[in-house]
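S.K.: Take a look at input25.tsv, TSV, C-alpha atoms and all ligand atoms:
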chain	number	residue	atom	x	y	z
Y	1	MET	CA	0.81	32.86	-14.23
Y	2	VAL	CA	-2.56	31.32	-15.24
Y	3	LYS	CA	-5.40	33.61	-14.04
Y	4	GLU	CA	-8.04	30.93	-13.54
Y	5	ILE	CA	-8.02	27.32	-12.47
Y	6	THR	CA	-10.60	25.08	-14.09
Y	7	VAL	CA	-11.57	22.23	-11.84
Y	8	SER	CA	-13.94	19.37	-12.53
Y	9	ILE	CA	-15.17	17.73	-9.33
Y	10	PHE	CA	-16.86	14.39	-8.71
Y	11	ARG	CA	-20.26	14.97	-7.09
Y	12	TYR	CA	-22.37	12.25	-5.54
Y	13	ASP	CA	-24.74	11.98	-2.62
Y	14	PRO	CA	-25.70	8.30	-2.23
Y	15	GLU	CA	-28.85	9.33	-0.34
Y	16	SER	CA	-30.31	11.44	-3.14
Y	17	ASP	CA	-28.40	10.91	-6.43
Y	18	LYS	CA	-28.98	8.00	-8.77
Y	19	HIS	CA	-25.58	8.43	-10.45
Y	20	PRO	CA	-22.38	10.37	-9.82
Y	21	SER	CA	-21.71	13.45	-11.98
Y	22	TYR	CA	-18.90	15.96	-12.50
Y	23	GLN	CA	-19.31	19.68	-11.87
Y	24	THR	CA	-16.91	22.25	-13.29
Y	25	TYR	CA	-15.85	25.45	-11.48
Y	26	SER	CA	-13.51	28.34	-12.32
Y	27	VAL	CA	-11.40	29.59	-9.46
Y	28	PRO	CA	-9.13	32.69	-9.47
Y	29	SER	CA	-5.55	31.47	-9.30
Y	30	LYS	CA	-3.07	32.58	-6.62
Y	31	GLU	CA	0.60	31.89	-6.28
Y	32	ARG	CA	1.43	28.60	-4.53
Y	33	MET	CA	-2.23	27.69	-4.26
Y	34	LEU	CA	-2.88	24.20	-2.91
Y	35	VAL	CA	-5.64	21.89	-4.08
Y	36	GLY	CA	-7.21	22.41	-0.65
Y	37	ASP	CA	-7.22	26.18	-1.18
Y	38	VAL	CA	-9.13	25.66	-4.44
Y	39	LEU	CA	-11.73	23.50	-2.71
Y	40	GLU	CA	-12.02	25.99	0.14
Y	41	TYR	CA	-12.60	28.82	-2.34
Y	42	ILE	CA	-15.34	26.85	-4.06
Y	43	HIS	CA	-16.97	25.92	-0.76
Y	44	GLU	CA	-16.94	29.50	0.56
Y	45	ASN	CA	-17.71	31.42	-2.65
Y	46	LEU	CA	-19.32	29.19	-5.27
Y	47	ASP	CA	-20.96	26.11	-3.81
Y	48	GLY	CA	-21.40	25.51	-0.08
Y	49	SER	CA	-22.81	22.03	-0.72
Y	50	LEU	CA	-19.44	20.61	-1.83
Y	51	ALA	CA	-18.16	18.01	0.65
Y	52	TYR	CA	-14.45	17.34	1.16
Y	53	ARG	CA	-12.20	16.54	4.12
Y	54	TRP	CA	-9.56	19.07	5.18
Y	55	GLU	CA	-8.61	18.85	8.83
Y	56	CYS	CA	-5.06	19.41	10.13
Y	57	ARG	CA	-3.85	21.10	6.89
Y	58	MET	CA	-0.34	19.99	7.87
Y	59	ARG	CA	-0.02	16.53	6.21
Y	60	LEU	CA	-0.49	14.95	9.62
Y	61	CYS	CA	-4.05	13.63	9.94
Y	62	GLY	CA	-3.93	11.74	6.62
Y	63	GLY	CA	-7.63	12.35	6.08
Y	64	CYS	CA	-7.59	14.59	3.00
Y	65	THR	CA	-6.37	12.19	0.30
Y	66	ILE	CA	-8.26	12.30	-2.99
Y	67	LEU	CA	-7.41	11.55	-6.62
Y	68	ILE	CA	-5.93	14.63	-8.30
Y	69	ASN	CA	-5.89	14.09	-12.05
Y	70	GLY	CA	-6.04	10.37	-11.34
Y	71	LYS	CA	-3.16	10.30	-8.86
Y	72	PRO	CA	-3.68	10.01	-5.08
Y	73	GLY	CA	-2.46	12.99	-3.08
Y	74	LEU	CA	-3.15	15.10	0.00
Y	75	ILE	CA	-5.04	18.29	-0.80
Y	76	CYS	CA	-3.00	20.06	1.91
Y	77	ARG	CA	0.24	19.15	0.10
Y	78	GLU	CA	-0.34	19.12	-3.65
Y	79	GLN	CA	-0.07	22.32	-5.66
Y	80	ALA	CA	-3.11	23.25	-7.73
Y	81	GLU	CA	-2.76	22.76	-11.50
Y	82	PRO	CA	-4.38	25.00	-14.15
Y	83	SER	CA	-6.77	22.19	-15.07
Y	84	MET	CA	-7.75	19.52	-12.57
Y	85	THR	CA	-10.14	16.64	-12.13
Y	86	LEU	CA	-10.75	15.79	-8.48
Y	87	GLU	CA	-12.26	12.48	-7.42
Y	88	PRO	CA	-12.62	10.45	-4.20
Y	89	LEU	CA	-10.34	7.50	-3.43
Y	90	PRO	CA	-11.66	4.67	-5.56
Y	91	PHE	CA	-11.85	1.69	-3.23
Y	92	LEU	CA	-13.95	2.99	-0.32
Y	93	PRO	CA	-17.66	3.70	0.14
Y	94	ILE	CA	-18.57	7.29	-0.73
Y	95	VAL	CA	-20.09	9.35	2.06
Y	96	ARG	CA	-20.60	12.39	-0.18
Y	97	ASP	CA	-18.65	13.99	-3.06
Y	98	LEU	CA	-14.93	13.69	-2.20
Y	99	VAL	CA	-15.47	12.22	1.27
Y	100	VAL	CA	-15.06	8.46	1.65
Y	101	ASP	CA	-15.62	6.18	4.63
Y	102	ARG	CA	-12.09	5.20	5.72
Y	103	LYS	CA	-13.14	3.21	8.79
Y	104	SER	CA	-12.98	-0.29	7.30
Y	105	LEU	CA	-9.35	0.13	6.23
Y	106	LEU	CA	-8.25	2.00	9.34
Y	107	ASP	CA	-9.74	-0.81	11.46
Y	108	LYS	CA	-7.60	-3.31	9.55
Y	109	ILE	CA	-4.47	-1.20	10.00
Y	110	TYR	CA	-5.08	-0.73	13.72
Y	111	SER	CA	-5.88	-4.42	14.19
Y	112	VAL	CA	-2.12	-5.00	14.52
Y	113	PRO	CA	-1.53	-5.95	18.18
Y	114	PRO	CA	0.43	-3.25	20.01
Y	115	LEU	CA	3.87	-3.60	21.57
Y	116	THR	CA	3.89	-6.17	24.35
Y	117	ARG	CA	6.65	-6.63	26.88
Y	118	GLN	CA	7.96	-9.65	28.74
Y	119	LYS	CA	8.57	-7.77	31.95
Y	120	SER	CA	5.75	-6.01	33.64
Y	121	PRO	CA	5.57	-3.52	35.26
Y	122	VAL	CA	8.17	-1.68	33.16
Y	123	ARG	CA	11.04	-0.10	35.09
Y	124	LEU	CA	11.65	3.45	33.99
Y	125	PRO	CA	13.71	4.86	32.41
Y	126	GLU	CA	13.51	1.98	29.96
Y	127	PRO	CA	16.70	1.39	27.94
Y	128	ILE	CA	16.07	1.41	24.16
Y	129	ALA	CA	18.86	0.87	21.60
Y	130	HIS	CA	19.68	3.82	19.34
Y	131	GLU	CA	19.13	1.70	16.17
Y	132	VAL	CA	15.66	0.83	17.42
Y	133	ILE	CA	14.81	4.51	17.89
Y	134	LEU	CA	16.10	5.27	14.36
Y	135	GLY	CA	14.14	2.35	12.90
Y	136	LEU	CA	10.95	3.37	14.70
Y	137	ARG	CA	10.97	6.72	12.92
Y	138	VAL	CA	9.92	5.09	9.64
Y	139	PRO	CA	6.58	3.62	10.72
Y	140	ARG	CA	5.88	6.63	12.93
Y	141	GLN	CA	5.93	8.81	9.79
Y	142	CYS	CA	2.96	6.98	8.27
Y	143	VAL	CA	-0.20	9.04	8.66
Y	144	GLN	CA	-2.50	6.34	7.19
Y	145	CYS	CA	-3.47	8.60	4.31
Y	146	LEU	CA	-4.13	5.50	2.13
Y	147	ALA	CA	-2.46	7.04	-0.95
Y	148	CYS	CA	-0.20	3.99	-1.27
Y	149	VAL	CA	-3.22	1.67	-1.10
Y	150	ALA	CA	-4.72	3.41	-4.15
Y	151	VAL	CA	-1.73	2.54	-6.36
Y	152	CYS	CA	-0.63	-0.81	-4.93
Y	153	PRO	CA	-1.01	-3.65	-7.48
Y	154	ALA	CA	-0.87	-6.28	-4.72
Y	155	THR	CA	-3.84	-4.66	-2.97
Y	156	GLU	CA	-5.65	-4.42	-6.29
Y	157	VAL	CA	-5.23	-8.12	-7.01
Y	158	LEU	CA	-5.62	-9.49	-3.48
Y	159	THR	CA	-8.00	-6.83	-2.06
Y	160	ALA	CA	-7.29	-4.79	1.06
Y	161	ASP	CA	-8.53	-7.69	3.20
Y	162	LEU	CA	-5.37	-9.55	2.32
Y	163	PHE	CA	-2.71	-6.96	1.51
Y	164	LEU	CA	-2.49	-3.48	2.99
Y	165	PRO	CA	0.86	-1.59	2.89
Y	166	PRO	CA	0.13	0.63	5.95
Y	167	LYS	CA	-0.67	-2.50	7.97
Y	168	LEU	CA	2.75	-3.94	7.11
Y	169	ILE	CA	4.25	-0.59	8.14
Y	170	GLN	CA	2.63	-0.94	11.55
Y	171	ILE	CA	3.94	-4.49	11.90
Y	172	ALA	CA	7.45	-3.39	10.87
Y	173	GLY	CA	7.37	-0.71	13.56
Y	174	PHE	CA	6.92	-3.31	16.28
Y	175	ALA	CA	9.11	-5.96	14.63
Y	176	ILE	CA	12.29	-3.92	15.04
Y	177	ASP	CA	11.64	-3.26	18.71
Y	178	ASP	CA	13.55	-5.71	20.95
Y	179	ARG	CA	11.05	-5.25	23.75
Y	180	ASP	CA	8.20	-6.67	21.67
Y	181	THR	CA	7.11	-10.26	22.31
Y	182	VAL	CA	4.43	-10.78	19.59
Y	183	ASP	CA	5.45	-13.11	16.71
Y	184	ARG	CA	5.71	-10.41	14.04
Y	185	VAL	CA	7.14	-12.91	11.54
Y	186	GLN	CA	3.97	-14.94	11.61
Y	187	GLU	CA	1.89	-11.77	11.60
Y	188	SER	CA	3.64	-10.40	8.51
Y	189	GLU	CA	3.35	-13.72	6.70
Y	190	GLU	CA	-0.36	-13.81	7.49
Y	191	SER	CA	-0.54	-10.28	6.06
Y	192	ASN	CA	0.89	-11.65	2.79
Y	193	LEU	CA	4.25	-9.91	3.07
Y	194	PHE	CA	5.67	-11.99	0.22
Y	195	ASP	CA	2.99	-10.84	-2.21
Y	196	CYS	CA	4.53	-7.35	-2.43
Y	197	ALA	CA	5.84	-6.89	-5.97
Y	198	CYS	CA	8.51	-4.36	-4.85
Y	199	CYS	CA	7.31	-2.09	-7.65
Y	200	HIS	CA	7.92	1.16	-5.64
Y	201	ALA	CA	4.60	2.63	-6.80
Y	202	CYS	CA	3.67	3.34	-3.17
Y	203	GLU	CA	6.81	5.41	-2.60
Y	204	GLU	CA	6.03	7.67	-5.54
Y	205	VAL	CA	2.80	8.85	-3.93
Y	206	CYS	CA	3.66	8.72	-0.23
Y	207	PRO	CA	3.50	12.29	1.16
Y	208	HIS	CA	6.14	11.43	3.75
Y	209	GLU	CA	8.41	9.69	1.24
Y	210	ILE	CA	8.51	6.47	3.23
Y	211	ASN	CA	10.74	3.93	1.51
Y	212	ILE	CA	8.25	1.09	1.92
Y	213	SER	CA	10.06	-1.47	-0.26
Y	214	GLU	CA	13.33	-1.20	1.62
Y	215	LYS	CA	12.48	-0.04	5.13
Y	216	VAL	CA	9.33	-2.08	5.53
Y	217	ILE	CA	9.02	-4.96	3.08
Y	218	THR	CA	12.71	-5.87	2.85
Y	219	ALA	CA	13.22	-5.31	6.59
Y	220	LEU	CA	10.33	-7.64	7.42
Y	221	ARG	CA	11.42	-10.20	4.84
Y	222	ASN	CA	14.95	-10.21	6.31
Y	223	LYS	CA	13.40	-10.86	9.69
Y	224	THR	CA	11.52	-13.86	8.33
Y	225	TYR	CA	14.74	-15.24	6.77
Y	226	GLU	CA	16.28	-15.27	10.25
Y	227	HIS	CA	13.74	-17.97	11.00
Y	228	GLY	CA	15.22	-20.18	8.28
Y	229	ILE	CA	14.15	-21.81	5.05
Y	230	GLY	CA	10.90	-22.96	6.65
Y	231	ARG	CA	9.46	-19.46	6.40
Y	232	GLY	CA	10.47	-16.62	4.07
Y	233	GLY	CA	13.36	-18.60	2.63
Y	234	ARG	CA	10.91	-21.04	1.08
Y	235	TYR	CA	9.47	-18.22	-0.99
Y	236	ILE	CA	12.89	-17.09	-2.30
Y	237	LYS	CA	13.83	-20.67	-3.16
Y	238	ALA	CA	10.51	-21.13	-4.96
Y	239	PHE	CA	11.12	-17.88	-6.89
Y	240	TYR	CA	14.51	-19.10	-8.17
Y	241	ASP	CA	13.28	-22.62	-8.82
Y	242	THR	CA	10.40	-21.41	-11.01
Y	243	LEU	CA	12.71	-19.00	-12.85
Y	244	GLN	CA	15.25	-21.76	-13.47
Y	245	ALA	CA	12.58	-24.22	-14.55
Y	246	LYS	CA	10.49	-22.00	-16.86
Y	247	GLY	CA	12.49	-18.83	-17.45
Y	248	LYS	CA	9.73	-16.55	-16.15
Y	249	VAL	CA	8.27	-15.45	-12.85
Y	250	ASN	CA	5.20	-17.49	-12.23
Y	251	ALA	CA	3.02	-16.49	-9.25
Y	252	SER	CA	1.01	-19.72	-9.26
Y	253	GLY	CA	4.19	-21.85	-9.44
Y	254	ILE	CA	5.75	-19.88	-6.58
Y	255	LEU	CA	2.59	-20.31	-4.52
Y	256	LEU	CA	2.55	-24.08	-5.05
Y	257	ARG	CA	6.25	-24.54	-4.35
Y	258	SER	CA	6.49	-22.21	-1.34
Y	259	GLN	CA	3.23	-23.00	0.42
Y	260	GLY	CA	2.39	-26.52	-0.66
Y	261	TYR	CA	-0.84	-27.73	-2.25
Y	262	LEU	CA	-2.96	-27.43	0.90
Y	263	ARG	CA	-2.23	-23.73	1.59
Y	264	ALA	CA	-2.37	-23.03	-2.16
Y	265	ILE	CA	-5.91	-24.43	-2.22
Y	266	MET	CA	-6.78	-22.18	0.74
Y	267	LYS	CA	-5.58	-19.25	-1.36
Y	268	ALA	CA	-7.84	-20.22	-4.27
Y	269	PRO	CA	-9.80	-16.92	-4.10
Y	270	GLN	CA	-6.56	-15.04	-4.87
Y	271	GLY	CA	-5.94	-17.39	-7.80
Y	272	ILE	CA	-9.42	-16.69	-9.14
Y	273	ARG	CA	-8.77	-12.94	-8.97
Y	274	LEU	CA	-5.44	-13.42	-10.82
Y	275	ILE	CA	-7.27	-15.37	-13.54
Y	276	ALA	CA	-9.97	-12.68	-13.77
Y	277	ARG	CA	-7.29	-10.02	-14.32
Y	278	GLY	CA	-5.41	-12.13	-16.89
Y	279	LYS	CA	-2.38	-12.38	-14.56
Y	280	PHE	CA	-2.43	-16.14	-14.00
Y	281	VAL	CA	0.35	-18.16	-15.63
Y	282	SER	CA	-0.04	-21.95	-15.52
Y	283	PRO	CA	2.68	-23.58	-13.38
Y	284	PHE	CA	2.66	-26.54	-15.79
Y	285	GLY	CA	3.44	-24.56	-18.97
Y	286	LYS	CA	6.56	-25.00	-21.16
Y	287	PRO	CA	9.81	-23.10	-20.49
Y	288	ILE	CA	10.45	-19.99	-22.61
Y	289	PRO	CA	12.49	-20.62	-25.83
Y	290	ASP	CA	15.62	-18.88	-24.45
Y	291	ILE	CA	15.57	-20.76	-21.14
Y	292	GLU	CA	19.27	-21.66	-21.41
Y	293	ASP	CA	20.18	-17.95	-21.44
Y	294	ILE	CA	18.25	-17.49	-18.19
Y	295	ARG	CA	19.99	-20.50	-16.61
Y	296	THR	CA	23.38	-19.12	-17.67
Y	297	ILE	CA	22.57	-15.87	-15.88
Y	298	ILE	CA	21.11	-17.23	-12.65
Y	299	GLY	CA	22.94	-20.55	-12.41
Y	300	PRO	CA	22.09	-24.25	-12.80
Y	301	THR	CA	19.00	-25.95	-11.44
Y	302	GLU	CA	19.20	-28.09	-8.25
Y	303	GLN	CA	19.27	-31.28	-10.37
Y	304	GLU	CA	22.12	-30.02	-12.57
Y	305	LYS	CA	24.38	-29.14	-9.60
H	401	LIG	S1	6.14	-1.93	-3.52
H	401	LIG	FE1	4.73	-3.51	-2.65
H	401	LIG	S2	3.49	-2.33	-1.22
H	401	LIG	FE2	4.42	-0.82	-2.59
H	401	LIG	S3	2.94	-0.53	-4.28
H	401	LIG	FE3	4.38	-2.14	-4.95
H	401	LIG	S4	3.38	-4.06	-4.37
H	401	LIG	FE4	2.36	-2.42	-3.18
H	402	LIG	S1	2.88	4.81	3.77
H	402	LIG	FE1	2.75	6.90	3.06
H	402	LIG	S2	1.17	6.78	1.46
H	402	LIG	FE2	0.95	4.92	2.68
H	402	LIG	S3	-0.59	5.42	4.22
H	402	LIG	FE3	1.44	5.83	5.14
H	402	LIG	S4	1.79	8.00	4.74
H	402	LIG	FE4	0.14	7.37	3.37
H	403	LIG	S1	-5.66	17.94	6.06
H	403	LIG	FE1	-4.62	16.56	7.42
H	403	LIG	S2	-3.28	15.49	6.08
H	403	LIG	FE2	-4.23	16.94	4.81
Could you quickly redo this structure as structure tokens?
Ligand code: SF4
Ligand code: SF4
Ligand code: FES
M.R.:
Amino acid sequence: MVKEITVSIFRYDPESDKHPSYQTYSVPSKERMLVGDVLEYIHENLDGSLAYRWECRMRLCGGCTILINGKPGLICREQAEPSMTLEPLPFLPIVRDLVVDRKSLLDKIYSVPPLTRQKSPVRLPEPIAHEVILGLRVPRQCVQCLACVAVCPATEVLTADLFLPPKLIQIAGFAIDDRDTVDRVQESEESNLFDCACCHACEEVCPHEINISEKVITALRNKTYEHGIGRGGRYIKAFYDTLQAKGKVNASGILLRSQGYLRAIMKAPQGIRLIARGKFVSPFGKPIPDIEDIRTIIGPTEQEK
């Protein structure tokens, strides 16, 4: 076993420091030492000024997420490595060192209206279907640790104002509940449900292994399809139409076809961010050279049928 852990830690106090810096510490290694244990050792024995968050220590409060060698993780869950760089989550204001101000994102997540019922007062015991109870377990597992937000490409492109996986998890929790009367389809569309790339990056870092793509995104999308082609179905049709027409997935083409010119114009800020990140593909470009191969695989266009 390695005798010492070398850890380089991001240090920054916005009230007194002009720039962030990294400080390196050596910590005696113990078996099954967690990242939180390393930070606690430093705080108690080497440097009492180090700030980090470490509350429930049971993966339940979600407050201890930092970047561990560039990957988001809970310090009460991740095993310490012989050499580590520890940094705060990248997209939130820094309070001090590894502590960030999570309030702005938590406010957005909790802005989802709670369960509302048609009948009031509720007569107890209230009957709830077994499938609903099973389905509710998924969103209840989310501890709002924000690890998924740190790796989500949709959040990176759209910003957390427009796309926030834990917010969609909250919506999904209410959407499967028959007693709920809020229009969760509209709510999920307004939360840009169809901008999820289904890349599974969020699942790789989620400490509770929530299958977001399937149990949240796909479940909510299926719910929107129940409302017909006018809603989620328009997006799927636009996806296939752009693929058949050009042979490649084209976000701008999908946006124009699924939402119309007016809503597409309203989403211009997203388009500008796509351009800035080199991810914009013109909807008016030529098809790829092997377009016929694509059409053979996915079928003829509407006009050819
Ligand atoms: S699957 Fe969707 S929510 Fe998860 S990281 Fe990818 S784009 Fe984000
Ligand atoms: S889905 Fe998982 S990673 Fe995302 S906030 Fe909830 S617990 Fe954290
Ligand atoms: S300390 Fe609460 S989740 Fe890690």
S.K.: Mind pulling up the distance from CA of Asn69 in chain Y to CA of Asp17 in chain Y?
M.R.: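 Computing it gives 23.4 Å between the two atoms.
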S.K.: If we count only C-alpha atoms, what is near range 80-84 of chain Y at a cut-off of 10 Å, once residues fewer than 3 positions away on the same chain are taken out, given as JSON, numbers by chain?
M.R.: {"Y": [1, 2, 3, 4, 5, 6, 7, 8, 9, 24, 26, 27, 29, 30, 31, 32, 33, 34, 35, 36, 37, 38, 39, 67, 68, 69, 70, 75, 77, 87]}
S.K.: Which residues are near ligand LIG 402 (chain H) - at most 8 Å, using all atoms listed in the file? Format: as a list in words.
M.R.: Gly62, Pro139, Gln141, Cys142, Val143, Gln144, Cys145, Leu146, Ala147, Cys148, Val149, Pro165, Pro166, Ile169, Cys202, Glu203, Val205, Cys206, Pro207, His208, Glu209, Ile210 and Ile212 of chain Y
S.K.: Residues as selected, C-alpha atoms, written as a PDB file, in the coordinates of the input, can you do that?
M.R.:
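Below is the file again-v3.pdb, written as the result:
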ATOM      1  CA  GLY Y  62      -3.930  11.740   6.620  1.00  0.00           C
ATOM      2  CA  PRO Y 139       6.580   3.620  10.720  1.00  0.00           C
ATOM      3  CA  GLN Y 141       5.930   8.810   9.790  1.00  0.00           C
ATOM      4  CA  CYS Y 142       2.960   6.980   8.270  1.00  0.00           C
ATOM      5  CA  VAL Y 143      -0.200   9.040   8.660  1.00  0.00           C
ATOM      6  CA  GLN Y 144      -2.500   6.340   7.190  1.00  0.00           C
ATOM      7  CA  CYS Y 145      -3.470   8.600   4.310  1.00  0.00           C
ATOM      8  CA  LEU Y 146      -4.130   5.500   2.130  1.00  0.00           C
ATOM      9  CA  ALA Y 147      -2.460   7.040  -0.950  1.00  0.00           C
ATOM     10  CA  CYS Y 148      -0.200   3.990  -1.270  1.00  0.00           C
ATOM     11  CA  VAL Y 149      -3.220   1.670  -1.100  1.00  0.00           C
ATOM     12  CA  PRO Y 165       0.860  -1.590   2.890  1.00  0.00           C
ATOM     13  CA  PRO Y 166       0.130   0.630   5.950  1.00  0.00           C
ATOM     14  CA  ILE Y 169       4.250  -0.590   8.140  1.00  0.00           C
ATOM     15  CA  CYS Y 202       3.670   3.340  -3.170  1.00  0.00           C
ATOM     16  CA  GLU Y 203       6.810   5.410  -2.600  1.00  0.00           C
ATOM     17  CA  VAL Y 205       2.800   8.850  -3.930  1.00  0.00           C
ATOM     18  CA  CYS Y 206       3.660   8.720  -0.230  1.00  0.00           C
ATOM     19  CA  PRO Y 207       3.500  12.290   1.160  1.00  0.00           C
ATOM     20  CA  HIS Y 208       6.140  11.430   3.750  1.00  0.00           C
ATOM     21  CA  GLU Y 209       8.410   9.690   1.240  1.00  0.00           C
ATOM     22  CA  ILE Y 210       8.510   6.470   3.230  1.00  0.00           C
ATOM     23  CA  ILE Y 212       8.250   1.090   1.920  1.00  0.00           C
TER      24      ILE Y 212
END
S.K.: Kindly work out which residues sit at most 8 Å from ligand LIG 403 (chain H), using all atoms listed in the file, and give the list as a compact mmCIF listing (two decimals) with C-alpha atoms, keeping the file's coordinate frame.
M.R.:
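Listing of result.txt after writing:
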# COMPACT_ATOMS: atom_id res chain seq x y z
CA ARG Y 53 -12.20 16.54 4.12
CA TRP Y 54 -9.56 19.07 5.18
CA GLU Y 55 -8.61 18.85 8.83
CA CYS Y 56 -5.06 19.41 10.13
CA ARG Y 57 -3.85 21.10 6.89
CA MET Y 58 -0.34 19.99 7.87
CA ARG Y 59 -0.02 16.53 6.21
CA LEU Y 60 -0.49 14.95 9.62
CA CYS Y 61 -4.05 13.63 9.94
CA GLY Y 62 -3.93 11.74 6.62
CA GLY Y 63 -7.63 12.35 6.08
CA CYS Y 64 -7.59 14.59 3.00
CA THR Y 65 -6.37 12.19 0.30
CA LEU Y 74 -3.15 15.10 0.00
CA ILE Y 75 -5.04 18.29 -0.80
CA CYS Y 76 -3.00 20.06 1.91
CA ARG Y 77 0.24 19.15 0.10
CA VAL Y 143 -0.20 9.04 8.66
CA CYS Y 145 -3.47 8.60 4.31
S.K.: So which residues are near ligand LIG 401 (chain H), meaning at most 8 Å away with only C-alpha atoms and all ligand atoms counted, given back as number ranges by chain?
M.R.: Y: 148-149, 151-155, 164-165, 195-203, 212-213, 217
S.K.: Just to confirm, what's the straight-line distance from CA of Ile128 in chain Y to CA of Leu193 in chain Y in Å (one decimal)?
M.R.: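 Value for the CA of Ile128 in chain Y-CA of Leu193 in chain Y distance: 26.7 Å.
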S.K.: My list of candidates is Y:Leu105, Y:Asp178, Y:Glu156, Y:Leu168. Which is closest to Glu126 in chain Y when distances are computed with only C-alpha atoms?
M.R.: Y:Asp178
S.K.: First collect every listed atom of range 126-139 of chain Y; then fit an axis-aligned box around them, widen it by 5 Å on each side, and give centre and edge lengths in Å to one decimal, as JSON.
M.R.:
{"center_x": 13.1, "center_y": 3.8, "center_z": 19.8, "size_x": 23.1, "size_y": 15.9, "size_z": 30.3}
S.K.: So that I can see what lies close to range 287-294 of chain Y, please list as a VMD selection string the residues with an atom at most 9 Å from it, counting only C-alpha atoms and leaving out residues fewer than 4 positions away in the same chain.
M.R.: chain Y and resid 243 to 248 298 to 299
S.K.: Which one of Y:Ala175, Y:Leu162, Y:Leu86, Y:Leu115 sits closest to Phe194 in chain Y if you count only C-alpha atoms?
M.R.: Y:Leu162
S.K.: List as a short mmCIF file (atom, residue, chain, number, x, y, z; two decimals) with C-alpha atoms, in the coordinates of the input the protein and nucleic acid residues near Leu98 in chain Y, meaning an atom at most 8 Å away when only C-alpha atoms are counted, but skip any in the same chain fewer than 2 places from it.
M.R.:
data_model
loop_
_atom_site.label_atom_id
_atom_site.label_comp_id
_atom_site.auth_asym_id
_atom_site.auth_seq_id
_atom_site.Cartn_x
_atom_site.Cartn_y
_atom_site.Cartn_z
CA PHE Y 10 -16.86 14.39 -8.71
CA ARG Y 11 -20.26 14.97 -7.09
CA ALA Y 51 -18.16 18.01 0.65
CA TYR Y 52 -14.45 17.34 1.16
CA ARG Y 53 -12.20 16.54 4.12
CA ILE Y 66 -8.26 12.30 -2.99
CA LEU Y 86 -10.75 15.79 -8.48
CA GLU Y 87 -12.26 12.48 -7.42
CA PRO Y 88 -12.62 10.45 -4.20
CA LEU Y 89 -10.34 7.50 -3.43
CA ILE Y 94 -18.57 7.29 -0.73
CA VAL Y 95 -20.09 9.35 2.06
CA ARG Y 96 -20.60 12.39 -0.18
CA VAL Y 100 -15.06 8.46 1.65
#
S.K.: Calculated over all atoms listed in the file, which of the candidates Y:Glu226, Y:Asp161, Y:Glu15, Y:Asp47 has the smallest distance to Val185 in chain Y?
M.R.: Y:Glu226
S.K.: What is the CA of Glu204 in chain Y-CA of Thr224 in chain Y distance in Å, reported with one decimal?
M.R.: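 It comes out at 26.2 Å.
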S.K.: Point out the residue among Y:Thr181, Y:Thr218, Y:Ser191, Y:Asn45 with the least atom-to-atom distance to Val112 in chain Y, counting all atoms listed in the file.
M.R.: Y:Ser191
S.K.: Find the residue from Y:Ala238, Y:Val132, Y:Ala160, Y:Leu124 that sits nearest to Asp107 in chain Y; use only C-alpha atoms when measuring.
M.R.: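 Closest to Asp107 in chain Y of all the choices is Y:Ala160.
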S.K.: For each of Y:Leu50, Y:Ile297, Y:Leu92, Y:Ile236, take the minimum atom-to-atom distance to Ala150 in chain Y, counting all atoms listed in the file, then give the residue where this is smallest.
M.R.: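 Counting all atoms listed in the file, the residue closest to Ala150 in chain Y is Y:Leu92.
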S.K.: Write out as a ChimeraX atom specification which residues come within 9 Å of Val182 in chain Y when counting all atoms listed in the file, dropping same-chain ones fewer than 6 positions away.
M.R.: /Y:113-117,174-175
